[in-house]
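Peer 1: The structure that follows is given in the form of structure tokens.
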Amino acid sequence: MNYNLEIQKILLKVEELPSFTDKVKALKEAIAIADKHNDLDWGFDLRLTLIQKERNTSKCEESFPAFAWILNASDSNEDYFDESEFLWEYKWMYCSAYRNAAISTEQIKEIGDDLRRRLKKNGYSDRAYYNVVTGYALHLRDYKLAQEYIELADAEIIDDMANCPACELDTKVETLLDLGFIDESLVKAQDLINKKLTCYSMPFQTFCSFANKLYDAGDDRASIYFDKALEEYHAHDQYDSSVGYSMGQLVSYMHKTNYPEVWTFFSRVAEWQIGAEDVHIYNFAKVMIPLFKGEGQIELSLSPLLPYYQESGVYQKADLYNYFKETAYEYAARFDVRNNNTNFKDEVDGVLS
């Protein structure tokens with residue numbers, strides 16, 4: 001069979017496969033065929049497709065080597081590829097870099113500088129660059145720096161590489177919340193609350209944050225946003241693991257308020273941590289610790305791939321409490337060494353206190 005037809009046949013199959021793992025396996029098979037025939041065009045397109053598939057998950061296992069190949073192919077074949085075709089994915093790779101504790105601060109800066117250079121080279125403003133470094137500042141828990149980057153982004157023109165309006169607004173709202181400005185954040189969020197601005201995961205993520213953070217602040221309005229979050233969840237029952245952080249917040253709120261479906265939601269989100277990025281594992285472990293405080297046991301339907309899986313389906317709360325506490329501290333230590341602060345450990349200490 002002609003290898004082009006063979007690749008096209010695989011791509012048709014990919015769209016029909018229900019499992020992300022199977023999709024990746026098929027795409028890697030197609031990539032191997034393209035590489036065997038030294039076909040740069042197929043190699044580029046297939047790797048970009050692979051990255052786009054993984055972008056909609058909590059993982060980033062295949063994307064780093066795939067994107068490294070794309071950058072090398074582009075730089076080694078000057079003017080052959082249009083860089084604007086992969087700059088959006090480059091933004092995601094930058095975010096994935098700081099979400100991985102093994103990638104150094106120096107490497108993150110190098111990636112950010114290179115992204116910024118390529119954006120400018122292709123005629124884009126700095127808005128997209130400031131979008132992603134705002135996320136890094138939030139990761140560092142430097143909310144004032146995040147605010148500065150938001151203002152710098154707003155001063156730049158909007159172009160095709162900037163985050164969508166709904167995502168930009170959610171970032172502003174989240175930053176105000178993190179700074180403790182609850183009323184200001186609610187006012188700022190009106191276009192999200194009223195759904196004038198939406199995207200795949202907005203305003204679901206906004207509602208989850210409001211529910212959890214307002215509850216922690218003792219604000220009675222938390223339940224309003226929990227109801228809105230549930231409404232969005234049920235209206236989009238195919239949310240993928242890319243919204244794992246928000247789902248963790250939702251489960252946390254459910255536990256605090258004794259919501260009856262808390263274990264159903266926990267069981268679904270728990271599976272999303274398999275092979276997830278470091279920051280997702282940390283965030284989930286941190287907010288799950290309180291769910292298992294105390295004695296007793298609980299019946300759960302969980303994936304056998306989870307490290308704490310029990311074939312009996314019966315789990316000792318103390319065992320899960322220790323697992324999530326140890327996991328949270330382990331990843332907190334890795335990030336704090338990389339970030340040169342104690343912010344993540346302090347967060348876990350706060351949960352335990």
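Residues in the structure tokens are named by chain (A, B, ... in the order shown) and by number from 1 within that chain; ligands are numbered from 1 in the order shown.
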Taking only residues of stretch 130-245 of chain A that have an atom at most 10 Å from an atom of stretch 70-92 of chain A, what is each one's shortest atom pair and its distance in Å to one decimal, using only C-alpha atoms, in chain and number order, as CSV?

Peer 2:
residue,atom,partner,partner_atom,distance
A:Asn131,CA,A:Lys91,CA,9.0
A:Val132,CA,A:Lys91,CA,6.7
A:Val133,CA,A:Lys91,CA,9.7
A:Asp160,CA,A:Trp88,CA,8.9
A:Met161,CA,A:Trp88,CA,6.3
A:Ala162,CA,A:Trp88,CA,8.8
A:Asn163,CA,A:Trp88,CA,9.4

Peer 1: Check which residues of stretch 39-152 of chain A sit at most 12 Å from stretch 17-23 of chain A using only C-alpha atoms, and return one row each with the closest pair of atoms and their distance in Å to one decimal, ordered by chain and rising number, as a Markdown table.

Peer 2:
| residue | atom | partner | partner_atom | distance |
| --- | --- | --- | --- | --- |
| A:Leu46 | CA | A:Lys23 | CA | 11.7 |
| A:Thr49 | CA | A:Lys23 | CA | 10.3 |
| A:Leu50 | CA | A:Lys23 | CA | 8.5 |
| A:Ile51 | CA | A:Lys23 | CA | 11.5 |
| A:Gln52 | CA | A:Lys23 | CA | 11.6 |
| A:Lys53 | CA | A:Phe20 | CA | 7.9 |
| A:Glu54 | CA | A:Phe20 | CA | 8.1 |
| A:Arg55 | CA | A:Phe20 | CA | 11.2 |
| A:Asn56 | CA | A:Phe20 | CA | 9.8 |
| A:Thr57 | CA | A:Phe20 | CA | 8.8 |
| A:Ser58 | CA | A:Phe20 | CA | 11.4 |
| A:Lys59 | CA | A:Phe20 | CA | 10.6 |
| A:Glu61 | CA | A:Thr21 | CA | 11.3 |
| A:Glu62 | CA | A:Thr21 | CA | 10.8 |

Peer 1: Selection from above, C-alpha atoms, as a compact mmCIF listing (two decimals), in the first residue's frame, can you write it?

Peer 2:
# COMPACT_ATOMS: atom_id res chain seq x y z
CA LEU A 46 0.99 14.23 12.56
CA THR A 49 -2.17 16.51 15.71
CA LEU A 50 -0.67 14.43 18.52
CA ILE A 51 0.05 17.57 20.55
CA GLN A 52 -3.47 18.90 19.94
CA LYS A 53 -4.97 15.63 21.17
CA GLU A 54 -2.87 15.60 24.34
CA ARG A 55 -3.57 19.28 24.99
CA ASN A 56 -7.15 18.29 25.87
CA THR A 57 -5.99 16.11 28.75
CA SER A 58 -4.17 16.43 32.07
CA LYS A 59 -1.09 14.79 30.52
CA GLU A 61 3.99 12.93 27.93
CA GLU A 62 4.10 12.75 24.15

Peer 1: I'd like the contact shell of A:Tyr308 - 9 Å cut-off, only C-alpha atoms, skipping same-chain residues fewer than 4 positions apart - returned as an NGL selection string.

Peer 2: :A and (304 or 315 or 319-320 or 323)

Peer 1: Quick one: pull the distance between atom CA of A:Asp170 and atom CA of A:Thr206, Å, one decimal.

Peer 2: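 Result for atom CA of A:Asp170 versus atom CA of A:Thr206: 6.3 Å, one decimal.
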
Peer 1: With stretch 258-274 of chain A as the partner and 10 Å as the cut-off, tabulate the residues of stretch 283-317 of chain A that qualify, each row holding the nearest pair of atoms and their distance in Å to one decimal, using only C-alpha atoms, sorted by chain and rising number, as a Markdown table.

Peer 2:
| residue | atom | partner | partner_atom | distance |
| --- | --- | --- | --- | --- |
| A:Phe284 | CA | A:Gln273 | CA | 7.9 |
| A:Ala285 | CA | A:Gln273 | CA | 9.3 |
| A:Met288 | CA | A:Phe266 | CA | 8.8 |
| A:Leu291 | CA | A:Val262 | CA | 9.4 |
| A:Ile298 | CA | A:Trp263 | CA | 9.3 |
| A:Glu299 | CA | A:Trp263 | CA | 9.0 |
| A:Leu300 | CA | A:Ser267 | CA | 6.9 |
| A:Ser301 | CA | A:Ser267 | CA | 6.4 |
| A:Leu302 | CA | A:Ser267 | CA | 5.7 |
| A:Ser303 | CA | A:Glu271 | CA | 6.1 |
| A:Pro304 | CA | A:Glu271 | CA | 9.2 |
| A:Leu305 | CA | A:Ile274 | CA | 7.2 |
| A:Leu306 | CA | A:Ile274 | CA | 6.6 |
| A:Pro307 | CA | A:Ile274 | CA | 8.8 |

Peer 1: Run DSSP on the backbone and tell me which residues of stretch 111-349 of chain A come out as strand (DSSP E); list them as a list in words.

Peer 2: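 Those in stretch 111-349 of chain A that DSSP calls strand (DSSP E) are Gln297, Ile298, Glu299, Val314, Tyr315 and Gln316 of chain A.
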